[in-house]
Amino acid sequence: MSAQRLDGKACANEVEAELLGRVAALTKDNLQPHLAVIIVGDDPASHVYVNSKVRTCERLGIRSTHIGLPADTEEATVRGHILALNAQEDVHGILVQSPLPKHMDEEALTDLINPSKDVDGFHPQNLGRLVQGRTDGMLPCTPSGVMRMLRWANIDLEGKRAVVLGRSRIVGMPAALLLAAKGADATVTVVHSRTDDAEAICREADIVVAAVGRANMVTSSWIKPGAIVVDVGINRVDDATRERGWRLAGDVHPEVEERASWLSPVPGGVGPMTIAMLMENTVRAAETMLTADTKA
């Protein structure tokens, strides 16, 4: 058996096609969705990621503003940019690119963003809605991208046993909440660094979402035959055969392809979906603002 491909690129293309229509409708109402991105420092991966977001905005007709700051910028300066963007009526989405320099409090800066403009979905108000079982707010992009990809593949989650590897506020915990929410209705276990016999727990799962940031950690012995495996990890590993000396690897070993029924690739799986859902959050924020203005 060879796993079917959970193709994030194909799914993201469908999301973008839908968003083009929604952006066009907003444009008819003289409103252009506008995403502002703040990036601090010179982390190469972050700049590649931000540039990808900017290009996607251009494809979809979303306006983008890119605020680049040096690594030694004071936190107060970043706070000032966030507060100014909060007050700017034509900005619908604000994103502070992670990671930030060590002298900055990333969570405190995220908390400053107006929850209605928090297109990353990390503000406590948006995460709190998710805890309540509500999916009408800004959802964290990677977990919501995982869910959209599973729906794209017509995978029925109801009653299935799901294991999420990792408990971060960015991916692991929101993914567990979305899998367990009404409408998805999976039975979810969260496995983390203090879990006893994580491998045995994963081996009982119908669905495994791996989000731990350890290359090739999940091997075929962890996976029940026919399970659905979503690989969220993006890790750099040394590879002397490549000109650049490294390659990308997921948290899931390639051998799992021979055991799973579905497997998301790295790259080309969850990554494109994360950006697609960021665009959807930005468009949703603009639509919400338009509706509020109409009612006013």
# chains A, B, ... in the order shown; residues from 1 in each chain; ligands from 1
call {"tool": "residues_around", "arguments": {"residues": "region 87-91 of chain A", "least_positions_apart": "6", "cutoff": "12 Å", "atoms": "only C-alpha atoms", "output": "JSON, numbers by chain"}}
result
{"A": [30, 31, 32, 33, 34, 35, 36, 37, 62, 63, 64, 65, 80, 81, 112, 113, 114, 116, 117, 118, 119, 282, 283, 285, 286, 289, 290, 293]}
call {"tool": "residues_around", "arguments": {"residues": "Arg129 (chain A)", "least_positions_apart": "6", "cutoff": "10 Å", "atoms": "only C-alpha atoms", "output": "PyMOL selection string"}}
result
chain A and resi 135-139
call {"tool": "residues_around", "arguments": {"residues": "Thr56 (chain A)", "least_positions_apart": "4", "cutoff": "9 Å", "atoms": "only C-alpha atoms", "output": "list in words"}}
result
Glu16, Asn51, Ser52, Leu60, Gly61, Ile62, Ile275, Ala276 and Met279 of chain A
call {"tool": "write_last_selection", "arguments": {"atoms": "C-alpha atoms", "output": "PDB file, in the first residue's frame"}}
result
ATOM      1  CA  GLU A  16      -7.554  30.876  -3.571  1.00  0.00           C
ATOM      2  CA  ASN A  51       7.783  37.176   0.657  1.00  0.00           C
ATOM      3  CA  SER A  52       5.546  34.202  -0.122  1.00  0.00           C
ATOM      4  CA  LEU A  60      -5.533  37.588  -4.938  1.00  0.00           C
ATOM      5  CA  GLY A  61      -5.829  41.359  -5.173  1.00  0.00           C
ATOM      6  CA  ILE A  62      -5.151  41.845  -1.454  1.00  0.00           C
ATOM      7  CA  ILE A 275      -0.716  30.828   3.774  1.00  0.00           C
ATOM      8  CA  ALA A 276      -4.097  30.156   2.137  1.00  0.00           C
ATOM      9  CA  MET A 279      -5.474  35.017   3.193  1.00  0.00           C
TER      10      MET A 279
END
call {"tool": "closest_residue", "arguments": {"among": "A:Glu258, A:Asp72, A:Asp231, A:Asp196", "to": "Val171 (chain A)", "atoms": "only C-alpha atoms"}}
result
A:Asp231
call {"tool": "closest_residue", "arguments": {"among": "A:Val40, A:Ala215, A:Val209, A:Leu95", "to": "Gly68 (chain A)", "atoms": "only C-alpha atoms"}}
result
A:Val40
call {"tool": "closest_atom_pairs", "arguments": {"of": "region 202-246 of chain A", "to": "region 148-165 of chain A", "cutoff": "9 Å", "atoms": "only C-alpha atoms", "output": "Markdown table"}}
result
| residue | atom | partner | partner_atom | distance |
| --- | --- | --- | --- | --- |
| A:Cys202 | CA | A:Val163 | CA | 6.2 |
| A:Glu204 | CA | A:Arg161 | CA | 7.7 |
| A:Ala205 | CA | A:Arg161 | CA | 5.1 |
| A:Asp206 | CA | A:Arg161 | CA | 5.2 |
| A:Ile207 | CA | A:Ala162 | CA | 4.5 |
| A:Val208 | CA | A:Val163 | CA | 4.9 |
| A:Val209 | CA | A:Val164 | CA | 4.8 |
| A:Ala210 | CA | A:Leu165 | CA | 4.8 |
| A:Ala211 | CA | A:Leu165 | CA | 5.5 |
| A:Val212 | CA | A:Leu165 | CA | 6.2 |
| A:Ile228 | CA | A:Ile155 | CA | 8.8 |
| A:Val230 | CA | A:Leu150 | CA | 8.9 |
call {"tool": "write_last_selection", "arguments": {"atoms": "N, CA and C atoms", "output": "CSV table (one decimal), in the first residue's frame"}}
result
chain,number,residue,atom,x,y,z
A,202,CYS,N,0.1,6.6,19.6
A,202,CYS,CA,-0.1,6.9,18.2
A,202,CYS,C,-0.5,5.7,17.4
A,204,GLU,N,-2.5,3.5,18.0
A,204,GLU,CA,-4.0,3.2,18.1
A,204,GLU,C,-4.8,4.2,17.3
A,205,ALA,N,-4.2,5.2,16.8
A,205,ALA,CA,-4.9,6.4,16.2
A,205,ALA,C,-5.3,6.1,14.7
A,206,ASP,N,-6.5,6.6,14.4
A,206,ASP,CA,-7.0,6.6,13.0
A,206,ASP,C,-6.4,7.8,12.3
A,207,ILE,N,-6.1,8.9,13.0
A,207,ILE,CA,-5.6,10.1,12.4
A,207,ILE,C,-4.4,10.6,13.3
A,208,VAL,N,-3.3,10.9,12.7
A,208,VAL,CA,-2.1,11.4,13.5
A,208,VAL,C,-1.7,12.7,12.9
A,209,VAL,N,-1.7,13.8,13.7
A,209,VAL,CA,-1.2,15.1,13.3
A,209,VAL,C,0.1,15.3,14.1
A,210,ALA,N,1.2,15.4,13.3
A,210,ALA,CA,2.5,15.5,13.9
A,210,ALA,C,3.0,16.9,13.8
A,211,ALA,N,3.2,17.6,15.0
A,211,ALA,CA,3.6,19.0,15.1
A,211,ALA,C,4.6,19.2,16.2
A,212,VAL,N,5.7,18.5,16.2
A,212,VAL,CA,6.7,18.6,17.3
A,212,VAL,C,8.0,19.2,16.9
A,228,ILE,N,-4.5,8.0,8.8
A,228,ILE,CA,-4.3,9.2,8.0
A,228,ILE,C,-3.3,10.0,8.8
A,230,VAL,N,-1.0,13.6,9.0
A,230,VAL,CA,-0.8,15.0,8.6
A,230,VAL,C,0.6,15.4,9.2
call {"tool": "atom_distance", "arguments": {"atom1": "CA of Ala249 (chain A)", "atom2": "CA of Pro143 (chain A)"}}
result
19.1 Å
call {"tool": "select_by_dssp", "arguments": {"residues": "region 229-266 of chain A", "states": "strand (DSSP E)", "output": "ChimeraX atom specification"}}
result
/A:229-231,235-238,246-249,262-263
call {"tool": "select_by_dssp", "arguments": {"residues": "region 63-132 of chain A", "states": "helix (DSSP H, G or I)", "output": "PyMOL selection string"}}
result
chain A and resi 75-87+106-112+115-117+124-131
call {"tool": "residues_around", "arguments": {"residues": "Cys141 (chain A)", "least_positions_apart": "6", "cutoff": "6 Å", "atoms": "only C-alpha atoms", "output": "mmCIF file with C-alpha atoms, in the first residue's frame"}}
result
data_model
loop_
_atom_site.group_PDB
_atom_site.id
_atom_site.type_symbol
_atom_site.label_atom_id
_atom_site.label_comp_id
_atom_site.auth_asym_id
_atom_site.auth_seq_id
_atom_site.Cartn_x
_atom_site.Cartn_y
_atom_site.Cartn_z
ATOM 1 C CA THR A 274 -1.138 27.936 6.203
ATOM 2 C CA MET A 277 -5.859 30.316 5.501
ATOM 3 C CA LEU A 278 -4.024 33.526 6.370
#
call {"tool": "closest_residue", "arguments": {"among": "A:Asn235, A:Thr189, A:Asn216, A:Ser2", "to": "Leu248 (chain A)", "atoms": "only C-alpha atoms"}}
result
A:Asn235
call {"tool": "residues_around", "arguments": {"residues": "Pro115 (chain A)", "least_positions_apart": "3", "cutoff": "7 Å", "atoms": "only C-alpha atoms", "output": "list in words"}}
result
Asp118, His123, Gln125 and Asn126 of chain A
call {"tool": "write_last_selection", "arguments": {"atoms": "N, CA and C atoms", "output": "PDB file, in the first residue's frame"}}
result
ATOM      1  N   ASP A 118      -6.523  40.159  14.076  1.00  0.00           N
ATOM      2  CA  ASP A 118      -5.534  39.141  14.436  1.00  0.00           C
ATOM      3  C   ASP A 118      -5.642  37.960  13.469  1.00  0.00           C
ATOM      4  N   HIS A 123      -4.498  35.709  19.284  1.00  0.00           N
ATOM      5  CA  HIS A 123      -4.937  36.555  20.401  1.00  0.00           C
ATOM      6  C   HIS A 123      -5.761  35.717  21.384  1.00  0.00           C
ATOM      7  N   GLN A 125      -8.419  36.272  22.877  1.00  0.00           N
ATOM      8  CA  GLN A 125      -9.855  36.319  22.610  1.00  0.00           C
ATOM      9  C   GLN A 125     -10.237  35.316  21.511  1.00  0.00           C
ATOM     10  N   ASN A 126      -9.407  35.227  20.476  1.00  0.00           N
ATOM     11  CA  ASN A 126      -9.703  34.283  19.396  1.00  0.00           C
ATOM     12  C   ASN A 126      -9.468  32.836  19.827  1.00  0.00           C
TER      13      ASN A 126
END
call {"tool": "atom_distance", "arguments": {"atom1": "CA of Trp262 (chain A)", "atom2": "CA of Val229 (chain A)"}}
result
6.0 Å
call {"tool": "residues_around", "arguments": {"residues": "Leu178 (chain A)", "least_positions_apart": "6", "cutoff": "10 Å", "atoms": "only C-alpha atoms", "output": "JSON, numbers by chain"}}
result
{"A": [130, 131, 133, 134, 135, 139, 143, 144, 146, 147, 184, 185, 186, 188]}
call {"tool": "write_last_selection", "arguments": {"atoms": "N, CA and C atoms", "output": "PDB file, in the first residue's frame"}}
result
ATOM      1  N   LEU A 130     -12.293  29.522  20.457  1.00  0.00           N
ATOM      2  CA  LEU A 130     -12.062  28.150  20.028  1.00  0.00           C
ATOM      3  C   LEU A 130     -12.272  27.181  21.188  1.00  0.00           C
ATOM      4  N   VAL A 131     -11.824  27.555  22.380  1.00  0.00           N
ATOM      5  CA  VAL A 131     -12.035  26.731  23.571  1.00  0.00           C
ATOM      6  C   VAL A 131     -13.531  26.563  23.836  1.00  0.00           C
ATOM      7  N   GLY A 133     -15.670  26.221  21.654  1.00  0.00           N
ATOM      8  CA  GLY A 133     -16.250  25.448  20.570  1.00  0.00           C
ATOM      9  C   GLY A 133     -16.731  26.295  19.417  1.00  0.00           C
ATOM     10  N   ARG A 134     -16.380  27.575  19.435  1.00  0.00           N
ATOM     11  CA  ARG A 134     -16.812  28.496  18.380  1.00  0.00           C
ATOM     12  C   ARG A 134     -15.735  28.598  17.302  1.00  0.00           C
ATOM     13  N   THR A 135     -16.157  28.512  16.060  1.00  0.00           N
ATOM     14  CA  THR A 135     -15.215  28.618  14.935  1.00  0.00           C
ATOM     15  C   THR A 135     -15.544  29.823  14.065  1.00  0.00           C
ATOM     16  N   LEU A 139      -9.317  31.877  13.161  1.00  0.00           N
ATOM     17  CA  LEU A 139      -8.735  30.590  13.540  1.00  0.00           C
ATOM     18  C   LEU A 139      -7.247  30.567  13.225  1.00  0.00           C
ATOM     19  N   PRO A 143      -3.567  25.083  11.986  1.00  0.00           N
ATOM     20  CA  PRO A 143      -4.592  24.093  12.337  1.00  0.00           C
ATOM     21  C   PRO A 143      -5.830  24.159  11.438  1.00  0.00           C
ATOM     22  N   SER A 144      -6.266  25.365  11.089  1.00  0.00           N
ATOM     23  CA  SER A 144      -7.439  25.445  10.210  1.00  0.00           C
ATOM     24  C   SER A 144      -7.101  24.952   8.812  1.00  0.00           C
ATOM     25  N   VAL A 146      -5.018  22.465   8.244  1.00  0.00           N
ATOM     26  CA  VAL A 146      -5.077  21.001   8.381  1.00  0.00           C
ATOM     27  C   VAL A 146      -6.516  20.524   8.214  1.00  0.00           C
ATOM     28  N   MET A 147      -7.450  21.200   8.872  1.00  0.00           N
ATOM     29  CA  MET A 147      -8.856  20.791   8.803  1.00  0.00           C
ATOM     30  C   MET A 147      -9.400  20.943   7.389  1.00  0.00           C
ATOM     31  N   ALA A 184     -16.736  18.173  13.417  1.00  0.00           N
ATOM     32  CA  ALA A 184     -15.603  17.275  13.152  1.00  0.00           C
ATOM     33  C   ALA A 184     -15.783  16.008  13.974  1.00  0.00           C
ATOM     34  N   ASP A 185     -15.936  16.194  15.289  1.00  0.00           N
ATOM     35  CA  ASP A 185     -16.381  15.130  16.192  1.00  0.00           C
ATOM     36  C   ASP A 185     -15.421  13.950  16.308  1.00  0.00           C
ATOM     37  N   ALA A 186     -14.115  14.219  16.201  1.00  0.00           N
ATOM     38  CA  ALA A 186     -13.136  13.172  16.487  1.00  0.00           C
ATOM     39  C   ALA A 186     -12.917  13.076  17.990  1.00  0.00           C
ATOM     40  N   VAL A 188     -10.058  12.971  20.647  1.00  0.00           N
ATOM     41  CA  VAL A 188      -8.688  13.469  20.493  1.00  0.00           C
ATOM     42  C   VAL A 188      -7.837  13.216  21.736  1.00  0.00           C
TER      43      VAL A 188
END
call {"tool": "residues_around", "arguments": {"residues": "Met104 (chain A)", "least_positions_apart": "5", "cutoff": "12 Å", "atoms": "only C-alpha atoms", "output": "PyMOL selection string"}}
result
chain A and resi 40-41+71-79+96+98-99+109-110
call {"tool": "decode", "arguments": {"residues": "region 263-284 of chain A", "atoms": "C-alpha atoms", "output": "CSV table (one decimal), in the first residue's frame"}}
result
chain,number,residue,atom,x,y,z
A,263,LEU,CA,0.0,11.4,4.0
A,264,SER,CA,0.7,15.1,3.6
A,265,PRO,CA,4.1,15.8,1.9
A,266,VAL,CA,6.8,18.2,3.2
A,267,PRO,CA,7.1,20.5,1.4
A,268,GLY,CA,3.8,20.9,-0.4
A,269,GLY,CA,1.4,19.9,2.3
A,270,VAL,CA,0.5,22.0,5.3
A,271,GLY,CA,2.8,24.9,4.3
A,272,PRO,CA,0.7,26.2,1.3
A,273,MET,CA,-2.5,25.7,3.4
A,274,THR,CA,-1.1,27.9,6.2
A,275,ILE,CA,-0.7,30.8,3.8
A,276,ALA,CA,-4.1,30.2,2.1
A,277,MET,CA,-5.9,30.3,5.5
A,278,LEU,CA,-4.0,33.5,6.4
A,279,MET,CA,-5.5,35.0,3.2
A,280,GLU,CA,-8.9,33.7,4.1
A,281,ASN,CA,-8.7,35.3,7.6
A,282,THR,CA,-7.7,38.6,6.0
A,283,VAL,CA,-10.7,38.5,3.6
A,284,ARG,CA,-13.0,37.5,6.4
